[in-house]
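Colleague: Sharing a structure here in C-alpha cells format.
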Amino acid sequence: MMINFEELPDFKKDLKRLIKKYRTLAKDLEPVRRDLNDDPDARPPFSFRIEGLGITTCIIKMKKIASNSFKGRGVNSGFRLIYAYFKREGRIVLIELYHKNEKINEDKERILKNFKK
C-alpha cells in the first residue's frame with residue numbers, strides 16, 4: 001500500500017529553516033519517506049511511539065536519520081522527525097523536524113493543537 005504523506009505548515013517552516021543550515025536535508029528525507037512507506041510504524045531503536053499525550057492518534061518520533069550534511073556520522077546526524085501515523089487511512093502527517101542540539105524534546109503543544117479531538 002502506498003502511504004499518503006502530508007506536511008503541517010509548521011513542519012514546512014521547520015524544513016525551510018533547517019535547509020538553510022543543512023543543505024542536503026531535503027534529499028536526506030527522500031529515503032526516510034521510502035522507509036516510512038514500507039514500514040510506517042515504530043521500530044525501536046530507530047523510532048518509537050510518544051506516549052502520555054492523552055490522544056488516540058499514533059504519534060511517532062524517529063531518531064536515526066542519516067544525513068549527508070554530516071559525512072562519516074551515518075544515522076547519528078541528530079535530526080528528529082515527529083509524525084502522526086493513521087494506519088487505516090494509509091496516511092502520515094509530518095509534524096515536526098528539528099536537530100537535537102536545538103531542542104531536547106518534541107513540541108507537545110503543536111501535536112495537541114493539531115490532533116487533539
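Note on naming: chains are A, B, ... as they come in the C-alpha cells, residues start from 1 per chain, ligands start from 1 in the order shown.
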As a ChimeraX atom specification, please: the residues near Arg33 in chain A (cut-off 12 Å, only C-alpha atoms, same-chain neighbours under 3 positions excluded).
Modeller: /A:2-7,26-30,36-40,62,65,81,83,91-94
Colleague: Pull N, CA and C atoms from the residues just selected and write them as a PDB file, in the first residue's frame.
Modeller:
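Writing the result to out.pdb gives the following:
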ATOM      1  N   MET A   2       0.514   2.211  -0.786  1.00  0.00           N
ATOM      2  CA  MET A   2       1.234   3.481  -0.814  1.00  0.00           C
ATOM      3  C   MET A   2       0.707   4.382   0.298  1.00  0.00           C
ATOM      4  N   ILE A   3       1.612   4.928   1.060  1.00  0.00           N
ATOM      5  CA  ILE A   3       1.264   5.858   2.127  1.00  0.00           C
ATOM      6  C   ILE A   3       1.126   7.260   1.527  1.00  0.00           C
ATOM      7  N   ASN A   4       0.097   7.960   1.932  1.00  0.00           N
ATOM      8  CA  ASN A   4      -0.096   9.352   1.531  1.00  0.00           C
ATOM      9  C   ASN A   4       0.584  10.238   2.579  1.00  0.00           C
ATOM     10  N   PHE A   5       1.523  11.078   2.140  1.00  0.00           N
ATOM     11  CA  PHE A   5       2.243  11.963   3.050  1.00  0.00           C
ATOM     12  C   PHE A   5       1.649  13.367   2.999  1.00  0.00           C
ATOM     13  N   GLU A   6       1.461  13.941   4.178  1.00  0.00           N
ATOM     14  CA  GLU A   6       1.025  15.321   4.307  1.00  0.00           C
ATOM     15  C   GLU A   6       2.012  16.026   5.238  1.00  0.00           C
ATOM     16  N   GLU A   7       2.105  17.340   5.108  1.00  0.00           N
ATOM     17  CA  GLU A   7       3.007  18.117   5.961  1.00  0.00           C
ATOM     18  C   GLU A   7       2.237  19.254   6.601  1.00  0.00           C
ATOM     19  N   ALA A  26      16.723  18.115   2.466  1.00  0.00           N
ATOM     20  CA  ALA A  26      15.566  17.728   1.642  1.00  0.00           C
ATOM     21  C   ALA A  26      15.834  16.392   0.951  1.00  0.00           C
ATOM     22  N   LYS A  27      17.032  16.231   0.419  1.00  0.00           N
ATOM     23  CA  LYS A  27      17.399  14.975  -0.240  1.00  0.00           C
ATOM     24  C   LYS A  27      17.547  13.840   0.780  1.00  0.00           C
ATOM     25  N   ASP A  28      18.034  14.165   1.964  1.00  0.00           N
ATOM     26  CA  ASP A  28      18.186  13.159   3.021  1.00  0.00           C
ATOM     27  C   ASP A  28      16.843  12.580   3.453  1.00  0.00           C
ATOM     28  N   LEU A  29      15.780  13.355   3.314  1.00  0.00           N
ATOM     29  CA  LEU A  29      14.458  12.890   3.743  1.00  0.00           C
ATOM     30  C   LEU A  29      13.794  11.959   2.731  1.00  0.00           C
ATOM     31  N   GLU A  30      14.289  11.917   1.503  1.00  0.00           N
ATOM     32  CA  GLU A  30      13.700  11.032   0.491  1.00  0.00           C
ATOM     33  C   GLU A  30      13.754   9.557   0.909  1.00  0.00           C
ATOM     34  N   LEU A  36       9.418   4.879   5.475  1.00  0.00           N
ATOM     35  CA  LEU A  36       8.124   5.008   6.146  1.00  0.00           C
ATOM     36  C   LEU A  36       7.011   4.406   5.299  1.00  0.00           C
ATOM     37  N   ASN A  37       7.117   4.507   3.994  1.00  0.00           N
ATOM     38  CA  ASN A  37       6.112   3.916   3.117  1.00  0.00           C
ATOM     39  C   ASN A  37       6.103   2.397   3.277  1.00  0.00           C
ATOM     40  N   ASP A  38       7.283   1.797   3.440  1.00  0.00           N
ATOM     41  CA  ASP A  38       7.392   0.346   3.584  1.00  0.00           C
ATOM     42  C   ASP A  38       7.027  -0.134   4.983  1.00  0.00           C
ATOM     43  N   ASP A  39       7.414   0.632   5.993  1.00  0.00           N
ATOM     44  CA  ASP A  39       7.190   0.218   7.386  1.00  0.00           C
ATOM     45  C   ASP A  39       6.973   1.461   8.255  1.00  0.00           C
ATOM     46  N   PRO A  40       5.745   1.993   8.252  1.00  0.00           N
ATOM     47  CA  PRO A  40       5.498   3.278   8.912  1.00  0.00           C
ATOM     48  C   PRO A  40       5.376   3.243  10.436  1.00  0.00           C
ATOM     49  N   MET A  62      11.029   9.669  15.226  1.00  0.00           N
ATOM     50  CA  MET A  62      12.114   8.962  14.554  1.00  0.00           C
ATOM     51  C   MET A  62      13.427   9.652  14.913  1.00  0.00           C
ATOM     52  N   ILE A  65      18.234   9.307  11.597  1.00  0.00           N
ATOM     53  CA  ILE A  65      18.086   9.800  10.230  1.00  0.00           C
ATOM     54  C   ILE A  65      19.475  10.114   9.678  1.00  0.00           C
ATOM     55  N   LEU A  81      12.447  13.491  13.690  1.00  0.00           N
ATOM     56  CA  LEU A  81      11.244  13.662  12.888  1.00  0.00           C
ATOM     57  C   LEU A  81      10.054  13.154  13.692  1.00  0.00           C
ATOM     58  N   TYR A  83       5.975  12.422  13.556  1.00  0.00           N
ATOM     59  CA  TYR A  83       4.883  12.270  12.599  1.00  0.00           C
ATOM     60  C   TYR A  83       3.714  11.518  13.221  1.00  0.00           C
ATOM     61  N   ARG A  91      -2.025   6.915   5.890  1.00  0.00           N
ATOM     62  CA  ARG A  91      -1.625   8.322   5.825  1.00  0.00           C
ATOM     63  C   ARG A  91      -0.642   8.649   6.934  1.00  0.00           C
ATOM     64  N   ILE A  92       0.341   9.481   6.590  1.00  0.00           N
ATOM     65  CA  ILE A  92       1.307  10.012   7.557  1.00  0.00           C
ATOM     66  C   ILE A  92       1.278  11.528   7.454  1.00  0.00           C
ATOM     67  N   VAL A  93       1.216  12.187   8.618  1.00  0.00           N
ATOM     68  CA  VAL A  93       1.283  13.638   8.665  1.00  0.00           C
ATOM     69  C   VAL A  93       2.599  14.009   9.353  1.00  0.00           C
ATOM     70  N   LEU A  94       3.467  14.686   8.610  1.00  0.00           N
ATOM     71  CA  LEU A  94       4.742  15.122   9.174  1.00  0.00           C
ATOM     72  C   LEU A  94       4.484  16.354  10.037  1.00  0.00           C
TER      73      LEU A  94
END
Colleague: Give me, as a ChimeraX atom specification, the residues of range 1-111 of chain A that a backbone DSSP run labels alpha helix (DSSP H).
Modeller: /A:9-21,25-38,108-111
Colleague: Find the residue from A:Ser69, A:Phe115, A:Glu89, A:Glu96 that sits nearest to Ile19 in chain A; use only C-alpha atoms when measuring.
Modeller: A:Ser69
Colleague: Which of chain A counts as strand (DSSP E) under DSSP, as a PDB file with N, CA and C atoms, in the first residue's frame please?
Modeller:
ATOM      1  N   ASN A   4       0.097   7.960   1.932  1.00  0.00           N
ATOM      2  CA  ASN A   4      -0.096   9.352   1.531  1.00  0.00           C
ATOM      3  C   ASN A   4       0.584  10.238   2.579  1.00  0.00           C
ATOM      4  N   PHE A   5       1.523  11.078   2.140  1.00  0.00           N
ATOM      5  CA  PHE A   5       2.243  11.963   3.050  1.00  0.00           C
ATOM      6  C   PHE A   5       1.649  13.367   2.999  1.00  0.00           C
ATOM      7  N   GLU A   6       1.461  13.941   4.178  1.00  0.00           N
ATOM      8  CA  GLU A   6       1.025  15.321   4.307  1.00  0.00           C
ATOM      9  C   GLU A   6       2.012  16.026   5.238  1.00  0.00           C
ATOM     10  N   GLU A   7       2.105  17.340   5.108  1.00  0.00           N
ATOM     11  CA  GLU A   7       3.007  18.117   5.961  1.00  0.00           C
ATOM     12  C   GLU A   7       2.237  19.254   6.601  1.00  0.00           C
ATOM     13  N   SER A  47      12.873   4.396  15.937  1.00  0.00           N
ATOM     14  CA  SER A  47      11.688   5.221  16.159  1.00  0.00           C
ATOM     15  C   SER A  47      10.825   4.574  17.229  1.00  0.00           C
ATOM     16  N   PHE A  48      10.042   5.405  17.895  1.00  0.00           N
ATOM     17  CA  PHE A  48       9.174   4.885  18.946  1.00  0.00           C
ATOM     18  C   PHE A  48       7.956   5.774  19.102  1.00  0.00           C
ATOM     19  N   ARG A  49       6.896   5.192  19.643  1.00  0.00           N
ATOM     20  CA  ARG A  49       5.663   5.946  19.870  1.00  0.00           C
ATOM     21  C   ARG A  49       5.830   6.886  21.052  1.00  0.00           C
ATOM     22  N   CYS A  58      -1.753   7.956  16.741  1.00  0.00           N
ATOM     23  CA  CYS A  58      -0.425   7.355  16.901  1.00  0.00           C
ATOM     24  C   CYS A  58       0.631   8.374  16.481  1.00  0.00           C
ATOM     25  N   ILE A  59       1.387   8.888  17.452  1.00  0.00           N
ATOM     26  CA  ILE A  59       2.456   9.857  17.189  1.00  0.00           C
ATOM     27  C   ILE A  59       3.792   9.142  17.380  1.00  0.00           C
ATOM     28  N   ILE A  60       4.665   9.262  16.378  1.00  0.00           N
ATOM     29  CA  ILE A  60       5.939   8.548  16.398  1.00  0.00           C
ATOM     30  C   ILE A  60       7.096   9.532  16.250  1.00  0.00           C
ATOM     31  N   LYS A  61       8.142   9.261  17.023  1.00  0.00           N
ATOM     32  CA  LYS A  61       9.370  10.052  16.958  1.00  0.00           C
ATOM     33  C   LYS A  61      10.458   9.191  16.331  1.00  0.00           C
ATOM     34  N   MET A  62      11.029   9.669  15.226  1.00  0.00           N
ATOM     35  CA  MET A  62      12.114   8.962  14.554  1.00  0.00           C
ATOM     36  C   MET A  62      13.427   9.652  14.913  1.00  0.00           C
ATOM     37  N   PHE A  79      19.111  14.539  13.762  1.00  0.00           N
ATOM     38  CA  PHE A  79      17.785  15.020  13.371  1.00  0.00           C
ATOM     39  C   PHE A  79      16.705  14.167  14.004  1.00  0.00           C
ATOM     40  N   ARG A  80      15.597  14.834  14.329  1.00  0.00           N
ATOM     41  CA  ARG A  80      14.428  14.171  14.893  1.00  0.00           C
ATOM     42  C   ARG A  80      13.227  14.506  14.018  1.00  0.00           C
ATOM     43  N   LEU A  81      12.447  13.491  13.690  1.00  0.00           N
ATOM     44  CA  LEU A  81      11.244  13.662  12.888  1.00  0.00           C
ATOM     45  C   LEU A  81      10.054  13.154  13.692  1.00  0.00           C
ATOM     46  N   ILE A  82       9.054  14.000  13.846  1.00  0.00           N
ATOM     47  CA  ILE A  82       7.833  13.629  14.560  1.00  0.00           C
ATOM     48  C   ILE A  82       6.713  13.538  13.527  1.00  0.00           C
ATOM     49  N   TYR A  83       5.975  12.422  13.556  1.00  0.00           N
ATOM     50  CA  TYR A  83       4.883  12.270  12.599  1.00  0.00           C
ATOM     51  C   TYR A  83       3.714  11.518  13.221  1.00  0.00           C
ATOM     52  N   ALA A  84       2.548  11.741  12.628  1.00  0.00           N
ATOM     53  CA  ALA A  84       1.334  11.023  13.022  1.00  0.00           C
ATOM     54  C   ALA A  84       1.084   9.949  11.977  1.00  0.00           C
ATOM     55  N   TYR A  85       0.761   8.747  12.447  1.00  0.00           N
ATOM     56  CA  TYR A  85       0.518   7.620  11.543  1.00  0.00           C
ATOM     57  C   TYR A  85      -0.929   7.175  11.686  1.00  0.00           C
ATOM     58  N   PHE A  86      -1.639   7.223  10.576  1.00  0.00           N
ATOM     59  CA  PHE A  86      -3.034   6.782  10.520  1.00  0.00           C
ATOM     60  C   PHE A  86      -3.077   5.505   9.691  1.00  0.00           C
ATOM     61  N   ARG A  91      -2.025   6.915   5.890  1.00  0.00           N
ATOM     62  CA  ARG A  91      -1.625   8.322   5.825  1.00  0.00           C
ATOM     63  C   ARG A  91      -0.642   8.649   6.934  1.00  0.00           C
ATOM     64  N   ILE A  92       0.341   9.481   6.590  1.00  0.00           N
ATOM     65  CA  ILE A  92       1.307  10.012   7.557  1.00  0.00           C
ATOM     66  C   ILE A  92       1.278  11.528   7.454  1.00  0.00           C
ATOM     67  N   VAL A  93       1.216  12.187   8.618  1.00  0.00           N
ATOM     68  CA  VAL A  93       1.283  13.638   8.665  1.00  0.00           C
ATOM     69  C   VAL A  93       2.599  14.009   9.353  1.00  0.00           C
ATOM     70  N   LEU A  94       3.467  14.686   8.610  1.00  0.00           N
ATOM     71  CA  LEU A  94       4.742  15.122   9.174  1.00  0.00           C
ATOM     72  C   LEU A  94       4.484  16.354  10.037  1.00  0.00           C
ATOM     73  N   ILE A  95       4.865  16.268  11.307  1.00  0.00           N
ATOM     74  CA  ILE A  95       4.519  17.286  12.298  1.00  0.00           C
ATOM     75  C   ILE A  95       5.678  18.228  12.588  1.00  0.00           C
ATOM     76  N   GLU A  96       6.843  17.649  12.829  1.00  0.00           N
ATOM     77  CA  GLU A  96       7.963  18.465  13.297  1.00  0.00           C
ATOM     78  C   GLU A  96       9.284  17.842  12.878  1.00  0.00           C
ATOM     79  N   LEU A  97      10.249  18.708  12.573  1.00  0.00           N
ATOM     80  CA  LEU A  97      11.603  18.295  12.256  1.00  0.00           C
ATOM     81  C   LEU A  97      12.542  19.247  12.980  1.00  0.00           C
ATOM     82  N   TYR A  98      13.482  18.678  13.732  1.00  0.00           N
ATOM     83  CA  TYR A  98      14.433  19.521  14.449  1.00  0.00           C
ATOM     84  C   TYR A  98      15.736  18.772  14.658  1.00  0.00           C
ATOM     85  N   HIS A  99      16.771  19.515  15.039  1.00  0.00           N
ATOM     86  CA  HIS A  99      18.053  18.919  15.366  1.00  0.00           C
ATOM     87  C   HIS A  99      18.166  18.857  16.888  1.00  0.00           C
TER      88      HIS A  99
END
Colleague: Select, from A:Gly78, A:Ala42, A:Phe11, A:Ala66, the residue with the minimum atom-to-atom distance to Asp107 in chain A, counting only C-alpha atoms.
Modeller: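 Closest candidate: A:Phe11.
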Colleague: Hey, which of A:Arg17, A:Arg23, A:Lys64, A:Lys12 ends up closest to Arg43 in chain A? Count only C-alpha atoms.
Modeller: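 Smallest distance to Arg43 in chain A is found for A:Lys64.
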Colleague: What gap, in Å, lies between CA of Pro44 in chain A and CA of Phe70 in chain A?
Modeller: 22.4 Å
